[in-house]
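Chemist: Before anything else, here's the structure in question.
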Amino acid sequence: MKSISKLQGLYAVLVLLLFLLPLFVHNQYVIHLGIMTFLFITIAIGWNILGGYTGQISFGHASFFGIGAYTTAILWLRLGMPPLLTIPLGGLLAAAFGVLWGYPLLRLRGYFFAIATIGVGEATRVLASFWESLTGGSSGLTLPVPKVFSKVPFYYEMLIIAFLVFLLSVWVYRSKFGLGLFAIKDDIDASETLGINTPLYKILALALSGFIVGVGGSFYAQYIFYVEPGDVFSFEKSVNLILINIVGGVGTIFGPIFGALIFLVLQEFVLVLFPNLHLLVYGLLLVLIIIYQPNGLAGLIAYLKRKMAKKKHNRGT
Amino acid sequence: MAFLNVTNCTKNFGGLLAVNDVTFSVKQGELLGLIGPNGAGKTTMFNMISGVYKPTTGQIIYRERYPIHALNTHRICHIGIARTYQVVKPFLNMTILKNVLVGAYFGKRGTLKKDATRIAQEVLEFTGLWERRDEIAGSLNVPSRKRLEIARALATQPDLLLLDEVMAGLNPAETQKTMELVRQIQERGITIIMIEHVMQAVMGLSERIIVLNYGEIIAEGTPQEVANNPEVIKAYLGD
């Protein structure tokens with residue numbers, strides 16, 4: 001009991017430090033890195049709810065990100081809506097889109113579902129590129145950059161979103177809903193026989209997952225001031241979400257956080273030092289993790305913790 | 001009043017007639033044995049009663065008001081029908097306790113956490129798995145998995161329990177223990193249909209036995225009557 005409260009204290013201090021960071025650090029680049037880290041944590045958690053908790057691997061989550069981004073861009077640019085207000089709408093529209101394609105596609109199992117989601121992601125990107133009257137086509141939409149611009153408000157905005165999304169993911173993990181999702185992941189036939197409405201649960205997981213990634217996309221548009229199908233709808237973005245979760249630990253609470261941290265560190269530092277090599281480093285890491293620690297970094301930490309507890313136990317007796 | 005009515009049920013897989021025009025009924029509280037050679041259609045029959053397959057033609061009525069043939073699988077669980085699988089399907093990454101909690105939580109609609117926890121504990125104690133509740137299902141051997149399969153089905157609080165070869169692969173001592181468990185389940189007022197190849201178990205436990213062969217019922221009666229039926233002997237031993 002004591003060690004748990006100690007751990008919780010540590011988390012509280014960490015979160016507090018993150019909130020205080022902009023007061024001490026005025027380097028805009030560091031603030032930017034913080035924002036991108038929170039953003040990637042958020043959307044990786046979003047993917048994890050469907051892919052990690054429910055076991056439905058999606059290669060099309062960039063579609064949610066793009067829909068969130070374009071919702072904000074279009075509502076802001078065409079209707080003059082305050083960008084902050086568009087965030088929930090971006091999430092809701094992404095969730096609705098998820099329900100639309102999830103209803104037919106979630107009947108597919110395993111690899112078949114995964115392959116179908118590639119189609120969804122690519123089709124959405126192509127649609128956004130050609131629907132010029134709405135999306136501005138492949139040249140994208142440029143949003144009004146304010147005259148005075150500070151990254152700090154964005155830092156807090158994204159930190160709060162990431163924090164809330166993380167709490168939501170913890171709640172789901174421990175709830176009845178989450179138990180149902182993990183049961184579906186392990187054995188869908190047994191789940192159905194034991195009374196779980198598996199089609200409903202899968203579609204709810206997809207909608208929640210899409211909502212979170214849509215929120216991330218919506219934020220991204222107002223932070224970058226530019227949306228373009230080749231960026232927000234890119235297949236690479238979908239794959240990155242999977243990679244982050246595999247490195248961090250698919251289906252774990254902390255996996256998306258660890259994964260996003262490593263991903264951004266590699267992207268920023270290795271990219272600067274050895275352009276083009278960062279993908280190689282990432283690929284190597286991925287191979288090592290899949291072979292030696294399929295539950296990712298979170299699984300490795302849990303393993304070490306168990307080992308240490310055992311040692312302590314042995315010393316005690 | 002019949003508890004379960006199966007009327008003119010047929011299941012066709014492409015050209016294969018797995019169950020052909022089968023009609024029988026089950027009385028509340030009875031223990032019905034379902035036997036027959038491999039491929040006779042026993043498990044297909046279970047799959048239809050539990051909603052995994054829909055009958056090609058025919059109907060299955062539960063408690064004279066629920067049309068099983070038209071309900072979703074999870075809905076069939078909610079109205080009180082549970083089953084075990086011949087090839088057991090535990091949630092491999094969960095503990096024994098969590099496996100049973102899934103049944104307790106979802107077996108009936110709107111179950112609260114404290115009730116689910118209480119039901120799970122009660123079922124685990126009843127099946128003798130409580131001490132081992134923290135073991136991961138994936139690490140269990142086959143007899144333990146079979147027991148877990150029964151526990152998980154019981155956690156849904158069924159009125160009708162379908163047991164698909166729960167004795168297969170058990171040694172004589174384990175078979176005795178499982179037979180005792182089945183008897184105790186029946187004493188709780190749960191109606192049971194049991195598919196079984198272990199003759200000692202099915203003859204010892206069943207009040208009535210239905211024999212399927214090539215998808216059709218070839219005999220029905222008490223264990224004694226069935227064992228002496230020439231049709232049955234022919235189906236099992238050949239001419």
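Each chain of the structure tokens is named A, B, ... in the order shown, its residues numbered from 1; ligands are numbered from 1 in display order.
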Would you list which chain B residues are within 6 Å of chain A using only C-alpha atoms, as a VMD selection string?
Modeler: chain B and resid 73 to 74 77 91 103 106 to 107
Chemist: Within range 60-152 of chain B, find each residue whose DSSP state, derived from the backbone, is strand (DSSP E or B), and express the selection as a list in words.
Modeler: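 Result set for range 60-152 of chain B (strand (DSSP E or B)): Ile60, Ile61, Tyr62, Tyr66, Pro67, Ile81, Ala82, Arg83, Thr95 and Ile136 of chain B.
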Chemist: Output the selection as an mmCIF file, in the first residue's frame - N, CA and C atoms for each residue.
Modeler:
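File written: part17.cif
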data_model
loop_
_atom_site.group_PDB
_atom_site.id
_atom_site.type_symbol
_atom_site.label_atom_id
_atom_site.label_comp_id
_atom_site.auth_asym_id
_atom_site.auth_seq_id
_atom_site.Cartn_x
_atom_site.Cartn_y
_atom_site.Cartn_z
ATOM 1 N N ILE B 60 -36.354 -22.981 -32.303
ATOM 2 C CA ILE B 60 -35.978 -23.365 -30.949
ATOM 3 C C ILE B 60 -36.621 -22.349 -30.009
ATOM 4 N N ILE B 61 -37.499 -22.818 -29.147
ATOM 5 C CA ILE B 61 -38.199 -21.908 -28.235
ATOM 6 C C ILE B 61 -37.788 -22.228 -26.803
ATOM 7 N N TYR B 62 -37.367 -21.183 -26.088
ATOM 8 C CA TYR B 62 -36.927 -21.319 -24.701
ATOM 9 C C TYR B 62 -38.010 -20.747 -23.795
ATOM 10 N N TYR B 66 -39.162 -17.300 -25.655
ATOM 11 C CA TYR B 66 -38.002 -16.724 -26.342
ATOM 12 C C TYR B 66 -37.666 -17.522 -27.604
ATOM 13 N N PRO B 67 -37.755 -16.900 -28.770
ATOM 14 C CA PRO B 67 -37.373 -17.591 -30.008
ATOM 15 C C PRO B 67 -35.844 -17.568 -30.190
ATOM 16 N N ILE B 81 -29.146 -18.919 -20.808
ATOM 17 C CA ILE B 81 -28.557 -20.127 -21.380
ATOM 18 C C ILE B 81 -27.038 -19.939 -21.467
ATOM 19 N N ALA B 82 -26.290 -20.834 -20.845
ATOM 20 C CA ALA B 82 -24.828 -20.752 -20.903
ATOM 21 C C ALA B 82 -24.285 -22.040 -21.497
ATOM 22 N N ARG B 83 -23.073 -21.982 -22.016
ATOM 23 C CA ARG B 83 -22.476 -23.177 -22.594
ATOM 24 C C ARG B 83 -20.984 -23.217 -22.323
ATOM 25 N N THR B 95 -6.376 -13.547 -15.545
ATOM 26 C CA THR B 95 -6.345 -14.496 -14.437
ATOM 27 C C THR B 95 -7.650 -15.295 -14.414
ATOM 28 N N ILE B 136 -2.727 -17.125 -14.187
ATOM 29 C CA ILE B 136 -3.112 -16.713 -15.539
ATOM 30 C C ILE B 136 -3.674 -17.928 -16.281
#
Chemist: Taking 4 positions as the minimum chain separation for residues in the same chain, which residues sit within 10 Å of range 293-304 of chain A when counting only C-alpha atoms? Answer as a ChimeraX atom specification.
Modeler: /A:244-259,262,286-289,308-310
Chemist: Can you list, as a count of residues only, every protein, DNA or RNA residue that comes within 9 Å of range 76-88 of chain A when you count only C-alpha atoms, leaving out same-chain residues fewer than 5 positions away?
Modeler: 16
Chemist: Please report the interatomic distance between CA of Val265 in chain A and CA of Ser63 in chain A in Å with one decimal.
Modeler: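 It comes out at 25.0 Å.
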Chemist: Show which residues sit within 9 Å of Gln86 in chain B, as a PDB file with N, CA and C atoms, in the first residue's frame. Count only C-alpha atoms, and ignore same-chain residues fewer than 6 positions away.
Modeler:
ATOM      1  N   THR B  43     -22.505 -31.130 -31.454  1.00  0.00           N
ATOM      2  CA  THR B  43     -22.010 -29.778 -31.190  1.00  0.00           C
ATOM      3  C   THR B  43     -22.742 -28.750 -32.044  1.00  0.00           C
ATOM      4  N   LYS B 146     -10.691 -26.857 -18.293  1.00  0.00           N
ATOM      5  CA  LYS B 146     -12.071 -27.370 -18.422  1.00  0.00           C
ATOM      6  C   LYS B 146     -12.912 -26.923 -17.243  1.00  0.00           C
ATOM      7  N   LEU B 163     -23.201 -28.454 -21.561  1.00  0.00           N
ATOM      8  CA  LEU B 163     -21.836 -28.904 -21.293  1.00  0.00           C
ATOM      9  C   LEU B 163     -21.349 -29.757 -22.454  1.00  0.00           C
ATOM     10  N   ASP B 164     -20.316 -29.257 -23.149  1.00  0.00           N
ATOM     11  CA  ASP B 164     -19.825 -29.968 -24.338  1.00  0.00           C
ATOM     12  C   ASP B 164     -18.541 -30.729 -24.003  1.00  0.00           C
ATOM     13  N   GLU B 165     -18.682 -32.006 -23.739  1.00  0.00           N
ATOM     14  CA  GLU B 165     -17.535 -32.892 -23.457  1.00  0.00           C
ATOM     15  C   GLU B 165     -16.602 -32.352 -22.379  1.00  0.00           C
ATOM     16  N   VAL B 166     -17.158 -32.094 -21.216  1.00  0.00           N
ATOM     17  CA  VAL B 166     -16.321 -31.563 -20.142  1.00  0.00           C
ATOM     18  C   VAL B 166     -15.461 -32.654 -19.498  1.00  0.00           C
ATOM     19  N   ALA B 168     -13.872 -35.076 -21.381  1.00  0.00           N
ATOM     20  CA  ALA B 168     -12.892 -35.615 -22.333  1.00  0.00           C
ATOM     21  C   ALA B 168     -11.474 -35.261 -21.903  1.00  0.00           C
TER      22      ALA B 168
END
Chemist: Could you list, as JSON, numbers by chain, every residue within 8 Å of range 179-195 of chain B, counting only C-alpha atoms and ignoring same-chain residues fewer than 3 positions away?
Modeler: {"B": [27, 28, 29, 30, 31, 32, 33, 34, 35, 42, 43, 127, 158, 159, 160, 161, 162, 163, 164, 165, 175, 176, 201, 202, 205]}
Chemist: Quick check for you: according to DSSP on this backbone, which residues of range 89-225 of chain B are classed as helix (DSSP H, G or I)? Reply as an MDAnalysis selection string.
Modeler: chainID B and resid 96:106 113:126 130:132 137:139 142:155 172:187 199:205 223:225
Chemist: Tell me, as a PyMOL selection string, which residues lie within 10 Å of Trp101 in chain A, counting only C-alpha atoms; anything in the same chain fewer than 3 positions away does not count.
Modeler: chain A and resi 96-98+104-106+116-117+120+203+206
Chemist: Take the selection from the previous step and output its residues with C-alpha atoms, as a compact mmCIF listing (two decimals), in the first residue's frame.
Modeler:
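Below is the file result_29.txt, written as the result:
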# COMPACT_ATOMS: atom_id res chain seq x y z
CA ALA A 96 -19.16 9.52 -36.37
CA PHE A 97 -16.95 8.70 -39.33
CA GLY A 98 -15.62 5.72 -37.38
CA PRO A 104 -19.58 -2.87 -41.98
CA LEU A 105 -15.83 -3.42 -41.45
CA LEU A 106 -15.76 -4.51 -37.81
CA ALA A 116 -9.58 -3.09 -44.80
CA THR A 117 -8.52 -0.16 -42.62
CA VAL A 120 -10.30 3.38 -45.40
CA ILE A 203 -17.98 0.03 -32.41
CA LEU A 206 -13.73 2.52 -32.42
Chemist: Mind giving me the straight-line distance from CA of Ile290 in chain A to CA of Ser234 in chain A in Å, one decimal?
Modeler: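 Distance between the two atoms: 24.4 Å.
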Chemist: Of the candidates B:Ile49, B:Ile76, B:Val198, B:Leu97, which one gets nearest to Ala137 in chain B if we count only C-alpha atoms?
Modeler: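 Looking only at the distances to Ala137 in chain B, the closest residue turns out to be B:Leu97.
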Chemist: For the atom pair CA of Phe269 in chain A and CA of Ser58 in chain A, what is the interatomic distance in Å to one decimal place?
Modeler: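 It comes out at 28.3 Å.
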